[in-house]
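Below: one structure, written as structure tokens.
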Amino acid sequence: MNLDYIIPNNWSILEEGFDPNQVKASESLFSIGNGAMGQRANFEEKYSGPTFQGSYIAGVYYPDKTRVGWWKNGYPEYFAKVLNAPSWIGINVTINDEQLDLFACKNVKDFRRELNMKEGWLSRSFVATLQNNIEVEVKTTRFLSLDLDEVGAINFNIKPLNSDAEITFQPYLDSGITNEDTNWEDKFWDTLNVSHENNQAFIQAKTMKTDFYTCTFMESQVFIDGKSVINKPDFASDAHLASFSYTYNVKKDETYTIHKFGGYTVDRDHDKNELVAAAKSILSKATDAGFSKLLDGQKEAWAKIWDMADITIDGDVKAQQGIRFNIFHLNQTYSGTDATLNIGPKGFTGEKYGGSTYWDTEAYCIPFYMATKDQEVARNLLTYRYNHLEKAIENAQKLGFSNGAALYPMVTMNGEECHNEWEITFEEIHRNGAIAFAIFNYYRYTGDFSYIPEMGLEVLIGISRFWHQRANFSTHKNKYMILGVTGPNEYENNVNNNWYTNYIAKWCIDYTLETIEKVKEGHSADFERISGKTNISHEELALWKKVADNMYFPYSDEHKVFLQQDGFLDKELITVEDLDQTQRPINQKWSWDRILRSPYIKQADILQGFYFFEDDFSTEELERHFKFYEPFTVHESSLSPCVHSIQAAKLDRMDQAYTFYLRTSRLDLDDYNHEVHEGLHITSMAGTWMSIVEGFGGMRIKNDTLSFEPKIPNQWDAYSFKVNFRNQIIKVSVNQNETQFQLEGDTDLQILVNGKELTISPNNLVTV
């Protein structure tokens with residue numbers, strides 16, 4: 001734990017007391033979003049202290065030219081950047097000719113910030129004394145509407161406490177912004193036009209290279225003690241700025257208020273020549289509703305989300321706050337309605353990793369969205385990959401593969417690989433397996449096979465062709481091997497026969513062969529279309545099977561475990577417990593050379609395979625591998641604690657499971673990895689949900705049946721969650737003595753509880 005100022009609370013993220021050293025961390029933690037756009041929790045008024053300004057629009061990116069010292073064939077030409085978009089939230093506040101700036105004030109007291117996760121809004125309040133000795137009380141509330149997802153709203157109140165004051169609100173739009181994350185300091189935005197009409201202002205801009213056209217817009221209303229003030233504002237503009245000025249002589253203890261509505265219209269959703277007209281339309285809807293009614297709609301929209309997605313924990317406020325924080329940000333980041341969008345590892349909270357799609361979506365996020373929303377949301381995530389299949393084939397062709405072999409990118413915005421580290425781009429090929437596993441997992445959970453003949457089988461064929469070509473035959477071992485790879489443990493690069501990679505390659509081929517037969521038998525028209533399109537033959541399938549049946553898996557007879565890679569036992573096997581703690585985290589203290597020669601594991605690697613394919617291994621085998629590998633794991637990836645929590649719970653290592661759960665759920669709130677100022681770890685948040693539902697709840701699909709093996713940490717009195725399983729909603733409630741099941745639906749459902757069959761009926765509480 002490296003941060004300890006967030007106040008434990010069941011439904012809110014709370015900060016009390018103003019500390020400039022915490023501002024950038026809080027800007028991440030208090031971020032807001034609505035699936036279409038998002039922003040860091042920057043102050044509306046001027047702030048001259050250290051800050052990371054960030055507003056982001058879903059799907060809008062820039063192909064920043066890759067910056068490397070040594071170019072290699074096949075290297076991606078660009079690394080996609082999520083763009084800091086033109087800002088609409090700014091409101092300069094001037095009090096008797098002095099600008100409100102918390103970093104420059106004589107005194108700031110009673111500072112309080114709240115992110116209300118239950119209702120979806122962000123607020124701040126404080127009392128500040130300016131250098132001119134005017135004391136003011138400020139209260140703000142801000143949200144990004146879920147109902148009108150192109151618009152956000154701000155309520156900014158200021159009250160002079162010790163004298164009358166002339167106060168000016170200057171709401172503005174600014175397209176002269178820069179990115180924190182840039183390779184060459186390129187200009188990302190081109191401002192096309194700045195205009196205004198009455199109380200509305202518009203900045204039209206487009207991205208360089210990618211030509212996304214946007215309109216950033218605003219409209220404001222001002223009030224004194226809640227009564228509207230008719231005030232014709234002054235307007236000012238320059239090449240990239242538009243502002244209005246509303247000045248009023250405010251008496252002591254009067255409250256001067258501005259309601260500001262703003263946001264973006266984008267040519268992803270509108271004709272690029274109609275963006276201003278679309279902005280006027282959305283502003284009309286927002287202002288007609290007004291701030292209060294829009295906020296009421298926000299509360300109702302979040303109530304519907306929480307009704308399905310909430311996990312309750314009794315007796316442990318920090319654990320409760322942590323899981324709701326994770327669920328809240330997942331829902332802020334991705335709504336599931338647009339199959340052209342995906343889930344970036346930082347969401348709308350920062351720019352690291354380019355904001356692009358990783359294998360995290362398939363490995364960690366799809367289970368969350370399958371179980372807490374309609375299955376169409378997860379299907380859209382799979383459709384996203386199908387729509388990028390041709391690009392995946394092109395990615396493989398650039399590396400020398402042929403015949404429709406597909407290598408999905410490690411990082412992407414549009415299907416092209418855009419990661420700029422060679423050991424990831426060329427070698428972390430296991431990402432292909434996660435996509436195939438997600439197809440399997442989707443069908444296993446939803447029972448919806450239709451995706452596979454419609455789209456999924458083509459994806460599986462492309463992936464299997466890649467594995468067939470990527471494996472090479474060793475005459476020495478009379479086995480097929482996969483050489484020169486990086487597994488999930490990124491602290492080992494360019495290794496041979498990473499067990500996880502080899503295993504998932506074999507599994508992908510076996511699953512594809514099985515699925516081909518199933519489609520051939522049950523969907524003959526689709527099979528004819530696919531076979532004609534892909535030109536698969538019996539001879540090719542036989543070659544695939546030969547590779548799968550003869551794959552090499554490194555194994556230690558001494559330790560009775562699979563080896564993470566061929567040379568793992570050649571390392572100096574010093575456990576993390578015996579590592580000098582002043583050397584942690586090693587990724588910030590050690591050279592890369594030293595890390596690569598060490599035995600330390602960044603995240604679950606072999607144990608990731610045991611998590612995906614647990615039915616292939618006994619509990620005793622899992623215990624041996626967990627006992628061998630976890631002591632070498634430094635958990636310096638956000639994706640690590642959740643998998644270990646699930647595995648520990650399965651092994652009845654409940655203290656460890658709880659510790660890992662707390663770490664994954666509060667990874668950002670407590671800043672375990674010293675990096676929360678850069679943004680949050682959105683995709684790993686889905687793993688936090690899995691830690692409870694699959695870890696403590698023991699939820700699995702066994703023999704096409706929903707199964708639970710509930711357990712509960714000693715630290716909790718009770719917990720509960722809901723899952724949507726094949727369009728039937730099941731609520732599971734666990735306490736220290738019993739488990740209860742409730743079914744929302746029309747028909748009975750057969751489930752397994754601790755291996756025994758149980759029938760649950762609609763609206764009938766069943767206790768085990």
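Letters for chains follow the order of the structure tokens (A, B, ...), residue numbers begin at 1 for each chain, and ligand numbers begin at 1 in the order shown.
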Return as number ranges by chain the full set of residues in segment 19-251 of chain A whose backbone-based DSSP assignment is strand (DSSP E). A: 32-33, 37-39, 55-57, 61-65, 78-82, 91-95, 98-99, 107-116, 121-129, 135-144, 151-160, 165-174, 189-197, 200-207, 213-224, 227-228, 234-237, 241-250
Near Ile13 of chain A, counting only C-alpha atoms, which residues have an atom at most 8 Å away, once you skip same-chain residues fewer than 3 positions from it, shown as a count of residues only? 11
Taking the DSSP assignment computed from this structure's backbone, write out as a PyMOL selection string all residues of segment 602-648 of chain A that belong to helix (DSSP H, G or I). chain A and resi 606-612+614-616+619-632+640-648
Need to verify the contact set: Pro585 of chain A, 10 Å, only C-alpha atoms, exclusion of same-chain residues closer than 6 positions in sequence. Can you return it as number ranges by chain? A: 634-636, 672-674
Create the file for the chosen residues now, containing N, CA, C and O atoms and written as a PDB file, in the first residue's frame.
ATOM      1  N   VAL A 634       5.985 -11.821  -8.169  1.00  0.00           N
ATOM      2  CA  VAL A 634       6.041 -10.494  -7.541  1.00  0.00           C
ATOM      3  C   VAL A 634       4.747  -9.715  -7.744  1.00  0.00           C
ATOM      4  O   VAL A 634       4.576  -8.637  -7.168  1.00  0.00           O
ATOM      5  N   HIS A 635       3.830 -10.213  -8.556  1.00  0.00           N
ATOM      6  CA  HIS A 635       2.513  -9.582  -8.759  1.00  0.00           C
ATOM      7  C   HIS A 635       2.643  -8.120  -9.178  1.00  0.00           C
ATOM      8  O   HIS A 635       1.908  -7.256  -8.704  1.00  0.00           O
ATOM      9  N   GLU A 636       3.587  -7.854 -10.088  1.00  0.00           N
ATOM     10  CA  GLU A 636       3.767  -6.483 -10.558  1.00  0.00           C
ATOM     11  C   GLU A 636       2.972  -6.198 -11.829  1.00  0.00           C
ATOM     12  O   GLU A 636       3.188  -5.188 -12.485  1.00  0.00           O
ATOM     13  N   TYR A 672      -0.924   0.203  -5.047  1.00  0.00           N
ATOM     14  CA  TYR A 672       0.082  -0.822  -4.757  1.00  0.00           C
ATOM     15  C   TYR A 672       1.313  -0.705  -5.648  1.00  0.00           C
ATOM     16  O   TYR A 672       2.425  -1.007  -5.221  1.00  0.00           O
ATOM     17  N   ASN A 673       1.123  -0.279  -6.909  1.00  0.00           N
ATOM     18  CA  ASN A 673       2.228  -0.305  -7.865  1.00  0.00           C
ATOM     19  C   ASN A 673       2.845   1.070  -8.126  1.00  0.00           C
ATOM     20  O   ASN A 673       3.532   1.258  -9.131  1.00  0.00           O
ATOM     21  N   HIS A 674       2.584   2.036  -7.257  1.00  0.00           N
ATOM     22  CA  HIS A 674       3.210   3.364  -7.365  1.00  0.00           C
ATOM     23  C   HIS A 674       2.921   4.050  -8.704  1.00  0.00           C
ATOM     24  O   HIS A 674       3.775   4.752  -9.234  1.00  0.00           O
TER      25      HIS A 674
END
Exercise: segment 150-159 of chain A partners within 7 Å, only C-alpha atoms, chain neighbours under 5 positions left out, as an MDAnalysis selection string: chainID A and resid 36 136:145 253:265 291
Could you write those residues out with N, CA and C atoms, as a compact mmCIF listing (two decimals), in the first residue's frame?
# COMPACT_ATOMS: atom_id res chain seq x y z
N ALA A 36 -19.13 6.62 -23.81
CA ALA A 36 -18.89 7.38 -25.02
C ALA A 36 -17.75 8.37 -24.85
N VAL A 136 -14.25 32.48 0.24
CA VAL A 136 -15.39 31.97 -0.52
C VAL A 136 -15.61 30.50 -0.19
N GLU A 137 -16.87 30.11 -0.28
CA GLU A 137 -17.24 28.70 -0.18
C GLU A 137 -17.63 28.22 -1.57
N VAL A 138 -17.07 27.10 -1.98
CA VAL A 138 -17.32 26.56 -3.31
C VAL A 138 -17.88 25.15 -3.19
N LYS A 139 -18.91 24.86 -3.98
CA LYS A 139 -19.47 23.51 -4.06
C LYS A 139 -19.73 23.20 -5.54
N THR A 140 -19.23 22.06 -6.00
CA THR A 140 -19.44 21.68 -7.40
C THR A 140 -19.96 20.25 -7.48
N THR A 141 -20.73 19.99 -8.53
CA THR A 141 -21.17 18.64 -8.86
C THR A 141 -21.06 18.46 -10.36
N ARG A 142 -20.57 17.31 -10.77
CA ARG A 142 -20.36 17.06 -12.21
C ARG A 142 -20.69 15.61 -12.53
N PHE A 143 -21.25 15.37 -13.70
CA PHE A 143 -21.48 14.00 -14.16
C PHE A 143 -21.51 13.96 -15.68
N LEU A 144 -21.28 12.79 -16.22
CA LEU A 144 -21.42 12.53 -17.65
C LEU A 144 -22.66 11.67 -17.82
N SER A 145 -23.61 12.16 -18.55
CA SER A 145 -24.93 11.54 -18.62
C SER A 145 -24.88 10.17 -19.29
N ASP A 253 -22.78 36.02 1.46
CA ASP A 253 -23.67 34.88 1.76
C ASP A 253 -24.68 34.59 0.66
N GLU A 254 -24.63 35.30 -0.47
CA GLU A 254 -25.41 34.89 -1.63
C GLU A 254 -24.63 33.81 -2.39
N THR A 255 -25.39 32.94 -3.05
CA THR A 255 -24.76 31.88 -3.84
C THR A 255 -24.91 32.17 -5.32
N TYR A 256 -23.77 32.29 -5.99
CA TYR A 256 -23.73 32.52 -7.43
C TYR A 256 -23.44 31.17 -8.08
N THR A 257 -24.30 30.78 -9.02
CA THR A 257 -24.25 29.43 -9.60
C THR A 257 -24.17 29.49 -11.11
N ILE A 258 -23.38 28.61 -11.67
CA ILE A 258 -23.40 28.39 -13.11
C ILE A 258 -23.67 26.92 -13.38
N HIS A 259 -24.60 26.66 -14.30
CA HIS A 259 -24.82 25.32 -14.84
C HIS A 259 -24.19 25.30 -16.22
N LYS A 260 -23.24 24.43 -16.41
CA LYS A 260 -22.57 24.33 -17.70
C LYS A 260 -22.84 22.95 -18.28
N PHE A 261 -23.32 22.93 -19.52
CA PHE A 261 -23.55 21.69 -20.25
C PHE A 261 -22.54 21.65 -21.41
N GLY A 262 -21.88 20.53 -21.58
CA GLY A 262 -20.90 20.43 -22.65
C GLY A 262 -20.65 19.00 -23.05
N GLY A 263 -19.86 18.83 -24.09
CA GLY A 263 -19.54 17.48 -24.53
C GLY A 263 -19.06 17.47 -25.96
N TYR A 264 -19.32 16.34 -26.65
CA TYR A 264 -18.78 16.14 -27.99
C TYR A 264 -19.82 15.50 -28.91
N THR A 265 -19.85 15.98 -30.15
CA THR A 265 -20.45 15.20 -31.23
C THR A 265 -19.31 14.80 -32.16
N PHE A 291 -30.29 20.88 -15.07
CA PHE A 291 -29.30 20.09 -14.34
C PHE A 291 -29.97 19.07 -13.42
So that I can see what lies close to segment 391-406 of chain A, please list as an mmCIF file with C-alpha atoms, in the first residue's frame the residues with an atom at most 7 Å from it, counting only C-alpha atoms and leaving out residues fewer than 3 positions away in the same chain.
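Saved to around-v9.cif:
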data_model
loop_
_atom_site.group_PDB
_atom_site.id
_atom_site.type_symbol
_atom_site.label_atom_id
_atom_site.label_comp_id
_atom_site.auth_asym_id
_atom_site.auth_seq_id
_atom_site.Cartn_x
_atom_site.Cartn_y
_atom_site.Cartn_z
ATOM 1 C CA GLY A 74 7.545 -6.508 -39.280
ATOM 2 C CA HIS A 388 -10.652 -7.376 -37.376
ATOM 3 C CA PRO A 409 -2.478 -7.823 -32.288
ATOM 4 C CA GLY A 415 -7.102 -4.411 -35.903
ATOM 5 C CA GLU A 416 -3.531 -3.476 -36.830
ATOM 6 C CA GLU A 417 -0.717 -4.254 -34.421
ATOM 7 C CA GLY A 462 -7.141 -18.310 -38.792
ATOM 8 C CA ILE A 463 -5.736 -18.762 -35.286
ATOM 9 C CA ARG A 465 -3.367 -21.891 -39.032
ATOM 10 C CA PHE A 466 -1.047 -19.538 -37.181
#
With a distance cut-off of 7 Å and only C-alpha atoms, select the neighbouring residues of Val60 of chain A, excluding the residue or stretch itself and same-chain residues fewer than 4 positions from it, and output the selection as a PyMOL selection string. chain A and resi 82-83+212
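Here the question is which of A:Arg431, A:Ala319, A:Lys602, A:Leu573 gets nearest to Pro713 of chain A using only C-alpha atoms, and that residue is A:Ala319.
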Contacts of Phe52 of chain A at 10 Å (only C-alpha atoms; same-chain gap of 2+ positions) as a ChimeraX atom specification: /A:23-25,27-28,40-42,49-50,54,179-180,350,677-679
Between atom CA of Thr191 of chain A and atom CA of Lys206 of chain A lies a distance of 6.6 Å
For Leu457 of chain A, which residue out of A:Ile504, A:Ile530, A:Ile509, A:Val732 is the nearest one, using only C-alpha atoms? A:Ile530
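Interatomic distance, atom CA of Pro160 of chain A to atom CA of Glu135 of chain A: 6.0 Å.
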